[in-house]
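As stored in final.cif (mmCIF, C-alpha atoms):
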data_work
#
loop_
_atom_site.group_PDB
_atom_site.id
_atom_site.type_symbol
_atom_site.label_atom_id
_atom_site.label_comp_id
_atom_site.auth_asym_id
_atom_site.auth_seq_id
_atom_site.Cartn_x
_atom_site.Cartn_y
_atom_site.Cartn_z
ATOM 1 C CA MET N 119 -15.840 -6.090 21.616
ATOM 2 C CA LYS N 120 -14.147 -7.363 24.764
ATOM 3 C CA ILE N 121 -14.829 -6.652 28.413
ATOM 4 C CA ILE N 122 -11.656 -5.830 30.310
ATOM 5 C CA HIS N 123 -10.426 -5.442 33.844
ATOM 6 C CA VAL N 124 -7.276 -3.316 34.106
ATOM 7 C CA LEU N 125 -5.192 -2.978 37.261
ATOM 8 C CA PHE N 126 -2.816 0.009 37.483
ATOM 9 C CA ALA N 127 -0.795 0.551 40.687
ATOM 10 C CA GLY N 128 -3.390 -1.107 42.899
ATOM 11 C CA ILE N 129 -6.362 0.820 41.459
ATOM 12 C CA ILE N 130 -9.037 -1.272 39.805
ATOM 13 C CA ALA N 131 -10.493 0.233 36.674
ATOM 14 C CA ILE N 132 -14.161 -0.019 35.819
ATOM 15 C CA ASN N 133 -15.365 -2.740 33.455
ATOM 16 C CA ASN N 134 -15.333 -1.208 30.019
ATOM 17 C CA SER N 135 -16.737 -2.524 26.842
ATOM 18 C CA GLY N 136 -14.285 -1.669 24.081
ATOM 19 C CA CYS N 137 -11.558 -2.901 21.819
ATOM 20 C CA ALA N 138 -8.759 -2.647 24.357
ATOM 21 C CA ASN N 139 -7.010 -5.414 26.235
ATOM 22 C CA PHE N 140 -4.211 -5.579 28.777
ATOM 23 C CA ASP N 141 -0.905 -6.610 27.261
ATOM 24 C CA PRO N 142 1.550 -7.710 29.977
ATOM 25 C CA THR N 143 4.504 -7.142 27.601
ATOM 26 C CA LEU N 144 3.733 -3.411 27.541
ATOM 27 C CA ASN N 145 4.377 -2.954 31.307
ATOM 28 C CA GLY N 146 0.837 -2.076 32.306
ATOM 29 C CA LEU N 147 -0.107 -0.120 29.204
ATOM 30 C CA VAL N 148 -3.342 -0.772 27.407
ATOM 31 C CA LYS N 149 -3.067 -2.085 23.874
ATOM 32 C CA ILE N 150 -5.870 -1.036 21.542
ATOM 33 C CA ASP N 151 -6.915 -3.494 18.855
ATOM 34 C CA THR N 152 -9.410 -2.965 16.122
ATOM 35 C CA ASP N 153 -11.635 -5.632 14.713
ATOM 36 C CA VAL N 154 -11.957 -3.701 11.469
ATOM 37 C CA ALA N 155 -10.128 -5.260 8.544
ATOM 38 C CA LYS N 156 -8.206 -3.068 6.144
ATOM 39 C CA PRO N 157 -9.723 -2.765 2.703
ATOM 40 C CA SER N 158 -8.040 -5.128 0.260
ATOM 41 C CA VAL N 159 -7.015 -2.168 -1.917
ATOM 42 C CA LEU N 160 -4.823 -0.830 0.881
ATOM 43 C CA LEU N 161 -3.345 -4.236 1.564
ATOM 44 C CA ASP N 162 -2.290 -4.578 -2.074
ATOM 45 C CA ARG N 163 -0.769 -1.076 -2.141
ATOM 46 C CA SER N 164 1.018 -1.417 1.189
ATOM 47 C CA ALA N 165 3.012 -4.394 -0.024
ATOM 48 C CA GLY N 166 4.749 -2.140 -2.546
ATOM 49 C CA PRO N 167 5.559 -4.887 -5.028
ATOM 50 C CA ILE N 168 8.927 -4.611 -6.652
ATOM 51 C CA TYR N 169 7.888 -6.555 -9.708
ATOM 52 C CA THR N 170 4.758 -6.405 -11.805
ATOM 53 C CA SER N 171 4.870 -10.152 -12.442
ATOM 54 C CA THR N 172 2.910 -12.606 -10.327
ATOM 55 C CA ALA N 173 5.473 -15.351 -10.871
ATOM 56 C CA MET N 174 6.732 -16.995 -7.703
ATOM 57 C CA SER N 175 10.419 -16.113 -7.661
ATOM 58 C CA SER N 176 12.769 -14.502 -5.205
ATOM 59 C CA LYS N 177 13.907 -10.917 -5.558
ATOM 60 C CA GLU N 178 17.547 -12.018 -5.763
ATOM 61 C CA GLU N 179 16.972 -13.840 -9.064
ATOM 62 C CA GLY N 180 16.380 -10.566 -10.870
ATOM 63 C CA CYS N 181 19.011 -8.476 -9.097
ATOM 64 C CA THR N 182 22.309 -7.171 -10.382
ATOM 65 C CA ILE N 183 24.869 -5.710 -8.001
ATOM 66 C CA LEU N 184 27.293 -3.403 -9.753
ATOM 67 C CA PRO N 185 30.886 -3.391 -8.490
ATOM 68 C CA ASN N 186 31.685 -0.725 -5.896
ATOM 69 C CA ARG N 187 33.373 2.170 -7.650
ATOM 70 C CA LYS N 188 35.036 5.480 -6.979
ATOM 71 C CA SER N 189 33.460 8.355 -8.863
ATOM 72 C CA ARG N 190 35.223 11.650 -9.540
ATOM 73 C CA ILE N 191 31.868 13.390 -8.916
ATOM 74 C CA ASP N 192 31.021 14.704 -5.422
ATOM 75 C CA VAL N 193 28.175 13.088 -3.417
ATOM 76 C CA ASP N 194 25.807 16.056 -3.646
ATOM 77 C CA THR N 195 25.970 16.089 -7.450
ATOM 78 C CA LEU N 196 25.458 12.303 -7.570
ATOM 79 C CA TYR N 197 22.418 12.685 -5.325
ATOM 80 C CA GLY N 198 20.931 15.357 -7.610
ATOM 81 C CA ARG N 199 21.594 13.239 -10.693
ATOM 82 C CA ALA N 200 20.006 10.141 -9.143
ATOM 83 C CA MET N 201 16.932 12.106 -8.106
ATOM 84 C CA SER N 202 16.395 13.520 -11.615
ATOM 85 C CA HIS N 203 17.620 10.657 -13.847
ATOM 86 C CA PHE N 204 15.775 7.881 -12.026
ATOM 87 C CA ASN N 205 12.794 9.738 -10.590
ATOM 88 C CA PHE N 206 13.529 9.066 -6.912
ATOM 89 C CA LYS N 207 11.086 10.760 -4.535
ATOM 90 C CA SER N 208 12.182 12.660 -1.446
ATOM 91 C CA PRO N 209 10.138 12.461 1.760
ATOM 92 C CA GLU N 210 9.061 16.072 1.122
ATOM 93 C CA GLN N 211 7.807 15.223 -2.392
ATOM 94 C CA ILE N 212 5.877 12.264 -1.005
ATOM 95 C CA ALA N 213 4.285 14.449 1.690
ATOM 96 C CA ILE N 214 3.135 16.965 -0.936
ATOM 97 C CA TYR N 215 1.802 14.157 -3.144
ATOM 98 C CA ARG N 216 -0.171 12.756 -0.201
ATOM 99 C CA LYS N 217 -1.666 16.177 0.566
ATOM 100 C CA THR N 218 -2.557 17.162 -2.986
ATOM 101 C CA VAL N 219 -3.128 13.984 -5.019
ATOM 102 C CA ASP N 220 -3.617 10.773 -3.020
ATOM 103 C CA ARG N 221 -3.773 10.821 0.771
ATOM 104 C CA THR N 222 -3.649 6.988 0.880
ATOM 105 C CA TYR N 223 -0.379 6.782 -1.122
ATOM 106 C CA LEU N 224 1.967 4.247 0.484
ATOM 107 C CA LEU N 225 5.698 3.778 0.028
ATOM 108 C CA ASP N 226 7.602 0.678 -1.010
ATOM 109 C CA GLN N 227 8.479 -1.512 1.949
ATOM 110 C CA GLY N 228 12.201 -0.961 1.379
ATOM 111 C CA TYR N 229 12.004 2.761 0.595
ATOM 112 C CA LYS N 230 15.111 4.577 1.795
ATOM 113 C CA HIS N 231 15.988 8.224 1.613
ATOM 114 C CA GLU N 232 18.820 8.869 4.034
ATOM 115 C CA LYS N 233 20.927 11.933 3.535
ATOM 116 C CA GLN N 234 23.765 13.769 5.202
ATOM 117 C CA SER N 235 24.535 16.589 2.798
ATOM 118 C CA GLY N 236 28.114 16.566 1.613
ATOM 119 C CA ALA N 237 28.874 13.199 3.222
ATOM 120 C CA PHE N 238 26.464 10.314 2.591
ATOM 121 C CA TYR N 239 23.274 9.385 0.712
ATOM 122 C CA HIS N 240 21.311 6.134 0.635
ATOM 123 C CA LEU N 241 18.423 5.930 -1.835
ATOM 124 C CA ALA N 242 16.243 2.902 -2.571
ATOM 125 C CA GLN N 243 12.829 2.570 -4.180
ATOM 126 C CA THR N 244 10.963 1.190 -7.174
ATOM 127 C CA VAL N 245 11.527 3.425 -10.195
ATOM 128 C CA PRO N 246 10.301 3.306 -13.807
ATOM 129 C CA TYR N 247 12.569 2.543 -16.748
ATOM 130 C CA SER N 248 11.923 2.429 -20.465
ATOM 131 C CA VAL N 249 12.472 -0.770 -22.427
ATOM 132 C CA ALA N 250 11.065 -2.094 -25.713
ATOM 133 C CA GLY N 251 8.766 0.886 -26.216
ATOM 134 C CA GLY N 252 7.143 0.679 -22.777
ATOM 135 C CA TYR N 253 7.791 1.324 -19.126
ATOM 136 C CA ARG N 254 8.524 -1.263 -16.474
ATOM 137 C CA ALA N 255 9.354 -1.070 -12.793
ATOM 138 C CA MET N 256 12.745 -1.873 -11.302
ATOM 139 C CA TRP N 257 14.098 -1.732 -7.785
ATOM 140 C CA LEU N 258 17.074 0.611 -7.603
ATOM 141 C CA GLU N 259 19.378 1.248 -4.666
ATOM 142 C CA PHE N 260 22.307 3.659 -4.441
ATOM 143 C CA LYS N 261 24.792 4.494 -1.688
ATOM 144 C CA PHE N 262 27.071 7.486 -2.133
ATOM 145 C CA SER N 263 29.729 8.407 0.421
ATOM 146 C CA LYS N 264 32.342 11.145 0.295
ATOM 147 C CA ASN N 265 35.864 10.059 -0.567
ATOM 148 C CA GLY N 266 38.192 13.034 -0.947
ATOM 149 C CA SER N 267 36.923 15.243 -3.752
ATOM 150 C CA GLY N 268 34.977 12.318 -5.252
ATOM 151 C CA SER N 269 32.682 9.591 -3.968
ATOM 152 C CA ASP N 270 32.506 5.900 -3.249
ATOM 153 C CA VAL N 271 29.473 4.440 -4.995
ATOM 154 C CA SER N 272 27.511 1.218 -4.706
ATOM 155 C CA ALA N 273 24.507 0.394 -6.865
ATOM 156 C CA GLU N 274 22.050 -2.479 -7.191
ATOM 157 C CA PHE N 275 19.042 -2.898 -9.437
ATOM 158 C CA CYS N 276 16.406 -5.606 -9.662
ATOM 159 C CA VAL N 277 14.084 -6.422 -12.536
ATOM 160 C CA ASP N 278 11.334 -9.011 -12.840
ATOM 161 C CA PRO N 279 13.068 -12.339 -13.568
ATOM 162 C CA GLY N 280 9.798 -13.670 -15.035
ATOM 163 C CA ASP N 281 9.716 -10.964 -17.710
ATOM 164 C CA PRO N 282 11.833 -12.155 -20.675
ATOM 165 C CA ILE N 283 12.389 -8.611 -21.986
ATOM 166 C CA ALA N 284 13.261 -7.036 -18.616
ATOM 167 C CA SER N 285 15.538 -9.876 -17.542
ATOM 168 C CA SER N 286 17.394 -10.203 -20.862
ATOM 169 C CA SER N 287 21.126 -9.607 -20.773
ATOM 170 C CA SER N 288 20.853 -6.712 -23.260
ATOM 171 C CA THR N 289 18.303 -4.909 -21.035
ATOM 172 C CA ARG N 290 20.492 -5.458 -17.970
ATOM 173 C CA GLN N 291 23.512 -4.102 -19.864
ATOM 174 C CA LYS N 292 21.548 -1.010 -20.935
ATOM 175 C CA ILE N 293 20.436 -0.364 -17.342
ATOM 176 C CA SER N 294 23.999 -0.882 -16.056
ATOM 177 C CA ALA N 295 25.387 1.478 -18.718
ATOM 178 C CA ARG N 296 22.815 4.157 -17.840
ATOM 179 C CA ILE N 297 23.665 3.876 -14.139
ATOM 180 C CA GLN N 298 27.414 4.028 -14.778
ATOM 181 C CA GLN N 299 27.005 7.014 -17.109
ATOM 182 C CA MET N 300 25.004 8.885 -14.459
ATOM 183 C CA LEU N 301 27.603 8.011 -11.820
ATOM 184 C CA GLY N 302 30.518 9.174 -13.962
ATOM 185 C CA VAL N 303 32.401 5.887 -13.587
#
Now that the file is in, can you turn its structure into structure tokens?
Amino acid sequence: MKIIHVLFAGIIAINNSGCANFDPTLNGLVKIDTDVAKPSVLLDRSAGPIYTSTAMSSKEEGCTILPNRKSRIDVDTLYGRAMSHFNFKSPEQIAIYRKTVDRTYLLDQGYKHEKQSGAFYHLAQTVPYSVAGGYRAMWLEFKFSKNGSGSDVSAEFCVDPGDPIASSSSTRQKISARIQQMLGV
């Protein structure tokens, strides 16, 4: 606990014992700090790891960026397909999950769910995929934007480069083929 003196517009505040301190960068506002550490379980979950491997490698090593394409399918249909085929979660689904199943559920750091119906969608999160009789996690990102009656599409996926099965060229080709099939390109 810290003892503070706070001066606001010429008025001197009383000495208070608390966890607050004056932060000059906040233009006279009081910043409240806590001395309580977060439980390690929350720290691990808040990081939202993209890969299940503990190998020290950069995300870019396991990433594949598919060429930008034009799809004959409209953006709203692509959005619906991405949500169902790859198990993306909307902010509404996450809110319900937090209320009914796990109130401490945290999102991936790079989670994106931007939408402008009929015009543009940007989705990004860790999603499951099936390979070699089991499930693994991959980072998947889509951008769909309206282009006439069809859509412009960009896609990127990342798998664990330390996992020989997930990072094999045949697995990457299967993931790419599944994405392209869903996109109608």
Residue neighbourhood stretch 186-191 of chain N, 6 Å, only C-alpha atoms, exclusion window fewer than 4 positions, as a tab-separated table (two decimals) with C-alpha atoms, keeping the file's coordinate frame:
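Below is the file result_35.tsv, written as the result:
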chain	number	residue	atom	x	y	z
N	268	GLY	CA	34.98	12.32	-5.25
N	269	SER	CA	32.68	9.59	-3.97
N	270	ASP	CA	32.51	5.90	-3.25
N	271	VAL	CA	29.47	4.44	-5.00
N	272	SER	CA	27.51	1.22	-4.71
N	302	GLY	CA	30.52	9.17	-13.96
N	303	VAL	CA	32.40	5.89	-13.59
Worksheet item: Quick one: of N:Tyr215, N:Glu178, N:Gly236, N:Asn205, who's nearest to N:Gly266, counting all atoms listed in the file?
Response: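 Distance minimum relative to N:Gly266 lands on N:Gly236.
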Discussion item. Once the PyMOL selection byres ((chain N and resi 208) around 12) has been evaluated on this model, what residues remain selected, and can you format them as a PyMOL selection string?
Written reply: chain N and resi 197-198+200-202+205-207+209-215+225+229-233+239-243
Item to complete: Using all atoms listed in the file, determine which residues lie at most 12 Å from N:Tyr253, disregarding the query and same-chain residues fewer than 6 positions distant; provide the list as a ChimeraX atom specification.
Response: /N:170,245-247,277,283-284
Practice prompt. Using the chain letters and residue numbers of this document, give as a list in words the residues selected by the PyMOL selection byres ((chain N and resi 285) around 12).
Written response: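 Selected by the PyMOL selection byres ((chain N and resi 285) around 12) in this file: Tyr169, Ser171, Glu179, Gly180, Cys181, Thr182, Val249, Arg254, Ala255, Met256, Phe275, Cys276, Val277, Asp278, Pro279, Gly280, Asp281, Pro282, Ile283, Ala284, Ser286, Ser287, Ser288, Thr289, Arg290, Gln291, Lys292 and Ile293 of chain N.
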Please produce a file of the residues just selected, as a PDB file, in the coordinates of the input, where the atoms kept are C-alpha atoms.
ATOM      1  CA  TYR N 169       7.888  -6.555  -9.708  1.00  0.00           C
ATOM      2  CA  SER N 171       4.870 -10.152 -12.442  1.00  0.00           C
ATOM      3  CA  GLU N 179      16.972 -13.840  -9.064  1.00  0.00           C
ATOM      4  CA  GLY N 180      16.380 -10.566 -10.870  1.00  0.00           C
ATOM      5  CA  CYS N 181      19.011  -8.476  -9.097  1.00  0.00           C
ATOM      6  CA  THR N 182      22.309  -7.171 -10.382  1.00  0.00           C
ATOM      7  CA  VAL N 249      12.472  -0.770 -22.427  1.00  0.00           C
ATOM      8  CA  ARG N 254       8.524  -1.263 -16.474  1.00  0.00           C
ATOM      9  CA  ALA N 255       9.354  -1.070 -12.793  1.00  0.00           C
ATOM     10  CA  MET N 256      12.745  -1.873 -11.302  1.00  0.00           C
ATOM     11  CA  PHE N 275      19.042  -2.898  -9.437  1.00  0.00           C
ATOM     12  CA  CYS N 276      16.406  -5.606  -9.662  1.00  0.00           C
ATOM     13  CA  VAL N 277      14.084  -6.422 -12.536  1.00  0.00           C
ATOM     14  CA  ASP N 278      11.334  -9.011 -12.840  1.00  0.00           C
ATOM     15  CA  PRO N 279      13.068 -12.339 -13.568  1.00  0.00           C
ATOM     16  CA  GLY N 280       9.798 -13.670 -15.035  1.00  0.00           C
ATOM     17  CA  ASP N 281       9.716 -10.964 -17.710  1.00  0.00           C
ATOM     18  CA  PRO N 282      11.833 -12.155 -20.675  1.00  0.00           C
ATOM     19  CA  ILE N 283      12.389  -8.611 -21.986  1.00  0.00           C
ATOM     20  CA  ALA N 284      13.261  -7.036 -18.616  1.00  0.00           C
ATOM     21  CA  SER N 286      17.394 -10.203 -20.862  1.00  0.00           C
ATOM     22  CA  SER N 287      21.126  -9.607 -20.773  1.00  0.00           C
ATOM     23  CA  SER N 288      20.853  -6.712 -23.260  1.00  0.00           C
ATOM     24  CA  THR N 289      18.303  -4.909 -21.035  1.00  0.00           C
ATOM     25  CA  ARG N 290      20.492  -5.458 -17.970  1.00  0.00           C
ATOM     26  CA  GLN N 291      23.512  -4.102 -19.864  1.00  0.00           C
ATOM     27  CA  LYS N 292      21.548  -1.010 -20.935  1.00  0.00           C
ATOM     28  CA  ILE N 293      20.436  -0.364 -17.342  1.00  0.00           C
TER      29      ILE N 293
END
